[in-house]
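K.L.:
What follows is input_27.txt, compact mmCIF, C-alpha atoms.
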```txt
# COMPACT_ATOMS: atom_id res chain seq x y z
CA ASP A 1123 -42.50 -33.55 36.30
CA GLY A 1124 -43.15 -37.07 37.56
CA GLY A 1125 -40.86 -39.80 36.47
CA ILE A 1126 -38.15 -42.32 37.24
CA THR A 1127 -34.56 -41.24 37.80
CA GLN A 1128 -31.74 -43.71 37.41
CA SER A 1129 -28.16 -42.96 38.35
CA PRO A 1130 -25.45 -43.10 37.36
CA LYS A 1131 -26.08 -43.12 33.61
CA TYR A 1132 -22.68 -44.69 32.93
CA LEU A 1133 -20.58 -46.69 35.38
CA PHE A 1134 -17.27 -48.48 35.10
CA ARG A 1135 -16.20 -51.00 37.64
CA LYS A 1136 -13.26 -53.32 38.17
CA GLU A 1137 -13.81 -57.03 38.49
CA GLY A 1138 -14.50 -58.11 42.06
CA GLN A 1139 -16.17 -54.85 43.08
CA ASN A 1140 -19.78 -54.43 44.11
CA VAL A 1141 -21.71 -51.54 42.61
CA THR A 1142 -25.12 -50.06 43.47
CA LEU A 1143 -27.44 -48.56 40.87
CA SER A 1144 -29.99 -46.04 42.07
CA CYS A 1145 -33.64 -45.90 41.03
CA GLU A 1146 -35.98 -43.22 42.41
CA GLN A 1147 -39.57 -42.53 41.35
CA ASN A 1148 -41.91 -39.69 42.26
CA LEU A 1149 -44.97 -41.21 40.60
CA ASN A 1150 -46.30 -42.70 43.85
CA HIS A 1151 -46.22 -46.09 42.16
CA ASP A 1152 -46.51 -49.21 44.31
CA ALA A 1153 -44.51 -51.68 42.20
CA MET A 1154 -40.93 -51.34 40.98
CA TYR A 1155 -38.82 -53.54 38.72
CA TRP A 1156 -35.24 -54.06 37.57
CA TYR A 1157 -34.49 -55.40 34.09
CA ARG A 1158 -31.25 -56.25 32.38
CA GLN A 1159 -30.71 -55.78 28.64
CA ASP A 1160 -27.80 -57.22 26.68
CA PRO A 1161 -26.92 -55.99 23.17
CA GLY A 1162 -29.49 -57.02 20.57
CA GLN A 1163 -31.66 -58.78 23.11
CA GLY A 1164 -34.87 -58.23 25.01
CA LEU A 1165 -35.27 -57.32 28.65
CA ARG A 1166 -34.88 -59.92 31.40
CA LEU A 1167 -36.36 -59.45 34.86
CA ILE A 1168 -33.89 -59.38 37.76
CA TYR A 1169 -36.03 -58.43 40.79
CA TYR A 1170 -39.35 -56.80 41.46
CA SER A 1171 -41.16 -55.34 44.43
CA GLN A 1172 -44.90 -54.82 44.79
CA ILE A 1173 -44.85 -53.14 48.21
CA VAL A 1174 -42.37 -51.62 50.63
CA ASN A 1175 -40.17 -54.11 52.50
CA ASP A 1176 -41.02 -56.93 50.11
CA PHE A 1177 -39.44 -58.10 46.87
CA GLN A 1178 -39.28 -61.20 44.68
CA LYS A 1179 -36.65 -62.74 42.45
CA GLY A 1180 -37.12 -62.53 38.74
CA ASP A 1181 -35.63 -64.79 36.10
CA ILE A 1182 -31.95 -63.84 36.54
CA ALA A 1183 -31.54 -62.82 40.21
CA GLU A 1184 -28.25 -64.61 40.88
CA GLY A 1185 -25.44 -62.17 41.65
CA TYR A 1186 -27.82 -59.28 42.35
CA SER A 1187 -29.47 -57.89 45.47
CA VAL A 1188 -32.13 -55.24 46.12
CA SER A 1189 -33.87 -53.44 48.95
CA ARG A 1190 -37.19 -51.59 49.19
CA GLU A 1191 -37.09 -49.53 52.38
CA LYS A 1192 -39.02 -46.62 50.88
CA LYS A 1193 -41.84 -46.58 48.36
CA GLU A 1194 -39.97 -44.27 46.03
CA SER A 1195 -36.61 -46.06 46.03
CA PHE A 1196 -35.48 -49.46 44.73
CA PRO A 1197 -31.66 -49.69 44.51
CA LEU A 1198 -29.96 -52.62 42.77
CA THR A 1199 -26.57 -53.94 43.87
CA VAL A 1200 -24.54 -55.85 41.33
CA THR A 1201 -22.27 -58.06 43.40
CA SER A 1202 -18.94 -59.64 42.54
CA ALA A 1203 -20.81 -62.94 42.28
CA GLN A 1204 -22.44 -61.79 39.04
CA LYS A 1205 -20.28 -63.46 36.39
CA ASN A 1206 -21.06 -61.21 33.46
CA PRO A 1207 -22.32 -57.87 34.79
CA THR A 1208 -21.61 -55.68 31.76
CA ALA A 1209 -25.07 -54.69 30.53
CA PHE A 1210 -27.72 -51.98 30.30
CA TYR A 1211 -29.91 -51.89 33.43
CA LEU A 1212 -33.44 -50.52 33.35
CA CYS A 1213 -35.67 -49.65 36.27
CA ALA A 1214 -39.45 -49.46 35.87
CA SER A 1215 -42.50 -48.82 38.00
CA ARG A 1216 -46.22 -49.48 37.86
CA GLN A 1217 -49.00 -47.78 39.77
CA GLY A 1218 -50.62 -50.86 41.28
CA SER A 1219 -53.51 -53.24 40.88
CA GLY A 1220 -55.75 -52.32 37.98
CA ALA A 1221 -53.11 -50.08 36.39
CA ASN A 1222 -50.63 -52.24 34.59
CA VAL A 1223 -48.71 -49.85 32.35
CA LEU A 1224 -44.96 -49.87 33.00
CA THR A 1225 -43.00 -46.62 33.09
CA PHE A 1226 -39.24 -46.87 32.55
CA GLY A 1227 -36.24 -44.83 33.62
CA ALA A 1228 -33.51 -43.85 31.17
CA GLY A 1229 -31.23 -46.71 32.18
CA SER A 1230 -27.74 -47.22 33.61
CA ARG A 1231 -24.97 -48.68 31.48
CA LEU A 1232 -22.49 -50.74 33.51
CA THR A 1233 -19.14 -51.77 32.09
CA VAL A 1234 -16.78 -54.08 33.94
CA LEU A 1235 -13.15 -53.51 33.06
CA GLY B 279 -42.71 -69.67 31.78
CA ILE B 280 -44.52 -67.86 29.03
CA GLN B 281 -42.72 -67.56 25.68
CA VAL B 282 -42.88 -64.43 23.53
CA GLU B 283 -41.84 -64.42 19.88
CA GLN B 284 -41.60 -61.28 17.78
CA SER B 285 -41.28 -61.01 14.02
CA PRO B 286 -39.59 -59.90 11.95
CA PRO B 287 -36.37 -59.43 13.94
CA ASP B 288 -35.23 -56.67 11.58
CA LEU B 289 -37.13 -54.39 9.24
CA ILE B 290 -35.83 -51.68 6.91
CA LEU B 291 -38.28 -49.24 5.33
CA GLN B 292 -38.31 -46.14 3.22
CA GLU B 293 -39.94 -43.12 4.77
CA GLY B 294 -43.69 -43.15 4.08
CA ALA B 295 -44.04 -46.93 3.97
CA ASN B 296 -46.38 -48.94 6.18
CA SER B 297 -45.40 -51.93 8.31
CA THR B 298 -46.82 -54.63 10.55
CA LEU B 299 -44.98 -56.09 13.53
CA ARG B 300 -46.15 -59.33 15.10
CA CYS B 301 -46.02 -60.73 18.64
CA ASN B 302 -46.93 -64.37 19.37
CA PHE B 303 -47.20 -65.67 22.93
CA SER B 304 -47.49 -69.16 24.32
CA ASP B 305 -50.15 -68.83 27.00
CA SER B 306 -53.22 -66.84 27.94
CA VAL B 307 -52.36 -63.35 29.15
CA ASN B 308 -54.20 -60.51 30.85
CA ASN B 309 -51.52 -57.92 30.22
CA LEU B 310 -49.89 -57.03 26.89
CA GLN B 311 -47.93 -53.90 26.17
CA TRP B 312 -46.00 -52.53 23.21
CA PHE B 313 -42.92 -50.38 23.78
CA HIS B 314 -40.58 -48.37 21.59
CA GLN B 315 -36.91 -48.13 22.57
CA ASN B 316 -35.12 -45.16 21.03
CA PRO B 317 -31.43 -45.22 20.04
CA TRP B 318 -30.48 -43.83 23.47
CA GLY B 319 -32.13 -46.74 25.26
CA GLN B 320 -35.26 -45.04 26.60
CA LEU B 321 -38.38 -47.23 26.52
CA ILE B 322 -41.72 -45.59 25.96
CA ASN B 323 -45.03 -47.37 26.37
CA LEU B 324 -47.04 -47.25 23.14
CA PHE B 325 -50.08 -49.36 24.00
CA TYR B 326 -51.57 -51.32 26.85
CA ILE B 327 -53.68 -53.78 24.87
CA PRO B 328 -54.51 -57.19 26.40
CA SER B 329 -57.34 -57.48 23.87
CA GLY B 330 -59.07 -55.49 21.15
CA THR B 331 -57.84 -52.65 18.97
CA LYS B 332 -56.43 -49.22 19.79
CA GLN B 333 -55.13 -46.37 17.68
CA ASN B 334 -52.84 -43.47 18.49
CA GLY B 335 -52.04 -41.28 15.51
CA ARG B 336 -50.08 -43.26 12.92
CA LEU B 337 -49.80 -46.25 15.24
CA SER B 338 -52.42 -48.85 15.97
CA ALA B 339 -52.43 -52.22 17.67
CA THR B 340 -54.67 -55.26 17.70
CA THR B 341 -54.56 -58.18 20.11
CA VAL B 342 -56.46 -61.40 19.44
CA ALA B 343 -56.14 -62.99 22.86
CA THR B 344 -57.91 -66.23 21.91
CA GLU B 345 -55.33 -66.82 19.17
CA ARG B 346 -52.40 -65.55 21.25
CA TYR B 347 -51.02 -62.84 19.03
CA SER B 348 -50.81 -59.10 18.76
CA LEU B 349 -50.02 -56.83 15.82
CA LEU B 350 -48.54 -53.35 15.80
CA TYR B 351 -49.21 -51.27 12.68
CA ILE B 352 -47.09 -48.29 11.72
CA SER B 353 -48.42 -46.18 8.87
CA SER B 354 -46.59 -43.50 6.87
CA SER B 355 -43.37 -44.28 8.71
CA GLN B 356 -40.94 -41.48 9.63
CA THR B 357 -37.23 -41.60 10.44
CA THR B 358 -38.11 -40.89 14.06
CA ASP B 359 -39.94 -44.23 14.19
CA SER B 360 -36.58 -46.00 14.04
CA GLY B 361 -35.60 -48.05 17.06
CA VAL B 362 -36.57 -51.32 18.66
CA TYR B 363 -40.17 -52.30 19.24
CA PHE B 364 -40.86 -54.69 22.10
CA CYS B 365 -43.91 -56.68 22.99
CA ALA B 366 -44.28 -57.65 26.67
CA VAL B 367 -46.89 -59.96 28.15
CA GLY B 368 -47.99 -61.07 31.57
CA THR B 369 -50.38 -63.51 33.20
CA SER B 370 -50.58 -61.69 36.53
CA GLY B 371 -50.54 -58.06 37.53
CA SER B 372 -46.99 -58.15 38.76
CA ARG B 373 -44.51 -59.03 36.01
CA LEU B 374 -44.04 -58.89 32.26
CA THR B 375 -42.02 -61.10 29.94
CA PHE B 376 -40.44 -59.32 26.99
CA GLY B 377 -39.86 -60.56 23.47
CA GLU B 378 -36.54 -60.11 21.68
CA GLY B 379 -37.83 -57.09 19.78
CA THR B 380 -38.05 -55.90 16.18
CA GLN B 381 -35.29 -53.54 15.06
CA LEU B 382 -36.88 -50.98 12.74
CA THR B 383 -34.83 -48.70 10.51
CA VAL B 384 -36.62 -46.02 8.50
CA ASN B 385 -34.48 -44.45 5.79
CA PRO B 386 -35.14 -40.97 4.40
```
Spit out the file's structure as structure tokens when you get a sec.
P.N.:
Amino acid sequence: DGGITQSPKYLFRKEGQNVTLSCEQNLNHDAMYWYRQDPGQGLRLIYYSQIVNDFQKGDIAEGYSVSREKKESFPLTVTSAQKNPTAFYLCASRQGSGANVLTFGAGSRLTVL
Amino acid sequence: GIQVEQSPPDLILQEGANSTLRCNFSDSVNNLQWFHQNPWGQLINLFYIPSGTKQNGRLSATTVATERYSLLYISSSQTTDSGVYFCAVGTSGSRLTFGEGTQLTVNP
């Protein structure tokens, strides 16, 4: 079955540590996205990538970094510079121009202790 | 950037009731999608509807792009319809801006 796999599902981290969230898709989609969701709120865009080896900042990129070395993979690193990293992180993908429907992974819940 | 406002923020229904969720946006868009987020956090696309009307079973959606709003109709609601409904809009092919969502609770 095609889809988006996010791992880990739950992650605990100590303050000051970097952590990397994995996002892998086998849909052959061109574009990939990372969103952050806080309790009771909507989704906010962190980073997105429309093609391999290229990515753009979203609305809340500070304290985060990404890479897009392969079409199917778009990992997100939450760095120690992110002041309030505890949140639910969602990865999504979209096929490409002319096909705008977003498909989401199941999410990764990060808690900073 | 574009602003998205959803109403109502919370809605409680009895099973079998109908409901209408609204999404207002501040600028012209060429991409509008409705999503349902289940209690485990998974988001599922319900409709891609930048304009016009679509129906899928008990759900239907209408977007009036010239007046900058979209409506999601849920008929004969079931407990499994509970969750958060999000509207997301975009002015280019690359990114969407999400509203704050409508939390729907359907009681048996």
K.L.:
Ranking A:Asp1160, A:Glu1146, A:Glu1194, A:Glu1137 by minimum distance to chain B and counting all atoms listed in the file, which one comes first?
P.N.:
A:Asp1160
K.L.:
Skipping near chain neighbours, those fewer than 3 positions away, what residues fall within 12 Å of Asp305 in chain B using only C-alpha atoms, listed as a PyMOL selection string?
P.N.:
chain B and resi 279-283+302+308-310+343-347+367-370+375
K.L.:
Would you mind exporting the chosen residues as a PDB file, in the frame of the given file, restricted to C-alpha atoms?
P.N.:
```
ATOM      1  CA  GLY B 279     -42.710 -69.670  31.780  1.00  0.00           C
ATOM      2  CA  ILE B 280     -44.520 -67.860  29.030  1.00  0.00           C
ATOM      3  CA  GLN B 281     -42.720 -67.560  25.680  1.00  0.00           C
ATOM      4  CA  VAL B 282     -42.880 -64.430  23.530  1.00  0.00           C
ATOM      5  CA  GLU B 283     -41.840 -64.420  19.880  1.00  0.00           C
ATOM      6  CA  ASN B 302     -46.930 -64.370  19.370  1.00  0.00           C
ATOM      7  CA  ASN B 308     -54.200 -60.510  30.850  1.00  0.00           C
ATOM      8  CA  ASN B 309     -51.520 -57.920  30.220  1.00  0.00           C
ATOM      9  CA  LEU B 310     -49.890 -57.030  26.890  1.00  0.00           C
ATOM     10  CA  ALA B 343     -56.140 -62.990  22.860  1.00  0.00           C
ATOM     11  CA  THR B 344     -57.910 -66.230  21.910  1.00  0.00           C
ATOM     12  CA  GLU B 345     -55.330 -66.820  19.170  1.00  0.00           C
ATOM     13  CA  ARG B 346     -52.400 -65.550  21.250  1.00  0.00           C
ATOM     14  CA  TYR B 347     -51.020 -62.840  19.030  1.00  0.00           C
ATOM     15  CA  VAL B 367     -46.890 -59.960  28.150  1.00  0.00           C
ATOM     16  CA  GLY B 368     -47.990 -61.070  31.570  1.00  0.00           C
ATOM     17  CA  THR B 369     -50.380 -63.510  33.200  1.00  0.00           C
ATOM     18  CA  SER B 370     -50.580 -61.690  36.530  1.00  0.00           C
ATOM     19  CA  THR B 375     -42.020 -61.100  29.940  1.00  0.00           C
TER      20      THR B 375
END
```
K.L.:
Mind checking which residues fall within 10 Å of range 321-327 of chain B, counting all atoms listed in the file, ignoring those fewer than 6 positions away in the same chain, and posting them as a short mmCIF file (atom, residue, chain, number, x, y, z; two decimals) with C-alpha atoms, keeping the file's coordinate frame?
P.N.:
```cif
data_model
loop_
_atom_site.label_atom_id
_atom_site.label_comp_id
_atom_site.auth_asym_id
_atom_site.auth_seq_id
_atom_site.Cartn_x
_atom_site.Cartn_y
_atom_site.Cartn_z
CA LEU A 1212 -33.44 -50.52 33.35
CA ALA A 1214 -39.45 -49.46 35.87
CA ALA A 1221 -53.11 -50.08 36.39
CA ASN A 1222 -50.63 -52.24 34.59
CA VAL A 1223 -48.71 -49.85 32.35
CA LEU A 1224 -44.96 -49.87 33.00
CA THR A 1225 -43.00 -46.62 33.09
CA PHE A 1226 -39.24 -46.87 32.55
CA GLY A 1227 -36.24 -44.83 33.62
CA ALA A 1228 -33.51 -43.85 31.17
CA GLY A 1229 -31.23 -46.71 32.18
CA ASN B 308 -54.20 -60.51 30.85
CA ASN B 309 -51.52 -57.92 30.22
CA LEU B 310 -49.89 -57.03 26.89
CA GLN B 311 -47.93 -53.90 26.17
CA TRP B 312 -46.00 -52.53 23.21
CA PHE B 313 -42.92 -50.38 23.78
CA HIS B 314 -40.58 -48.37 21.59
CA GLN B 315 -36.91 -48.13 22.57
CA GLN B 333 -55.13 -46.37 17.68
CA ASN B 334 -52.84 -43.47 18.49
CA LEU B 337 -49.80 -46.25 15.24
CA SER B 338 -52.42 -48.85 15.97
CA ALA B 339 -52.43 -52.22 17.67
CA THR B 340 -54.67 -55.26 17.70
CA THR B 341 -54.56 -58.18 20.11
CA VAL B 342 -56.46 -61.40 19.44
CA ALA B 343 -56.14 -62.99 22.86
CA SER B 348 -50.81 -59.10 18.76
CA LEU B 350 -48.54 -53.35 15.80
CA GLY B 361 -35.60 -48.05 17.06
CA VAL B 362 -36.57 -51.32 18.66
CA TYR B 363 -40.17 -52.30 19.24
CA PHE B 364 -40.86 -54.69 22.10
CA CYS B 365 -43.91 -56.68 22.99
CA ALA B 366 -44.28 -57.65 26.67
CA VAL B 367 -46.89 -59.96 28.15
#
```
K.L.:
With a cut-off of 6 Å and counting all atoms listed in the file, select all residues of chain A in contact with chain B and give the selection as a list in words.
P.N.:
Gln1163, Gly1164, Leu1165 and Ala1228 of chain A
K.L.:
Include C-alpha atoms and write out the residues we just selected as a compact mmCIF listing (two decimals), in the frame of the given file.
P.N.:
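Listed below is the output, part.txt:
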```
# COMPACT_ATOMS: atom_id res chain seq x y z
CA GLN A 1163 -31.66 -58.78 23.11
CA GLY A 1164 -34.87 -58.23 25.01
CA LEU A 1165 -35.27 -57.32 28.65
CA ALA A 1228 -33.51 -43.85 31.17
```
K.L.:
One number please: CA of Gly335 in chain B to CA of Ala295 in chain B, in Å, one decimal.
P.N.:
15.1 Å
K.L.:
Restricting the calculation to all atoms listed in the file: of A:Cys1213, A:Val1234, A:Ala1183, A:Leu1167, which residue gets closest to Ser1129 in chain A?
P.N.:
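Among A:Cys1213, A:Val1234, A:Ala1183, A:Leu1167, it is A:Cys1213 that comes nearest to Ser1129 in chain A.
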K.L.:
Residues near Pro1207 in chain A, anyone? I mean within 9 Å using only C-alpha atoms, not counting same-chain ones fewer than 4 positions away, as a list in words.
P.N.:
Gly1185, Val1200, Thr1201, Ser1202, Leu1232, Thr1233 and Val1234 of chain A
K.L.:
Work out how far apart CA of Gln1178 in chain A and CA of Gln1147 in chain A are and give it in Å to one decimal.
P.N.:
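Computed distance, CA of Gln1178 in chain A to CA of Gln1147 in chain A, equals 19.0 Å.
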K.L.:
Tell me, in Å to one decimal, how far CA of Tyr1186 in chain A is from CA of Gln1128 in chain A.
P.N.:
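Separation of CA of Tyr1186 in chain A and CA of Gln1128 in chain A: 16.8 Å.
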K.L.:
For Ser1230 in chain A, please output as a tab-separated table (two decimals) with C-alpha atoms, in the coordinates of the input all residues within 8 Å (counting only C-alpha atoms; exclusion window: fewer than 3 positions along the same chain).
P.N.:
```
chain	number	residue	atom	x	y	z
A	1128	GLN	CA	-31.74	-43.71	37.41
A	1129	SER	CA	-28.16	-42.96	38.35
A	1130	PRO	CA	-25.45	-43.10	37.36
A	1131	LYS	CA	-26.08	-43.12	33.61
A	1132	TYR	CA	-22.68	-44.69	32.93
A	1133	LEU	CA	-20.58	-46.69	35.38
A	1143	LEU	CA	-27.44	-48.56	40.87
A	1210	PHE	CA	-27.72	-51.98	30.30
A	1211	TYR	CA	-29.91	-51.89	33.43
A	1212	LEU	CA	-33.44	-50.52	33.35
```
K.L.:
Env of Asp1176 in chain A: 12 Å cut, atoms = all atoms listed in the file, seq-sep filter 5 positions within chain, self excluded. Answer as a list in words.
P.N.:
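My list of contacting residues is Asp1152, Ala1153, Met1154, Tyr1169, Tyr1170, Ser1171, Val1188, Ser1189, Arg1190, Glu1191, Lys1192, Lys1193 and Phe1196 of chain A.
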K.L.:
Check the smallest atom-to-atom distance from each of A:Asn1148, A:Gln1217, A:Gly1124, A:Trp1156 to Thr1199 in chain A using all atoms listed in the file, then report the winner.
P.N.:
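Nearest candidate to Thr1199 in chain A out of A:Asn1148, A:Gln1217, A:Gly1124, A:Trp1156: A:Trp1156.
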K.L.:
How big is the axis-aligned box around all listed atoms of range 328-342 of chain B once 8 Å goes on each side, and where's its centre, in Å to one decimal, as AutoDock Vina command-line options?
P.N.:
```
--center_x -54.4 --center_y -51.3 --center_z 19.7 --size_x 25.3 --size_y 36.1 --size_z 29.5
```
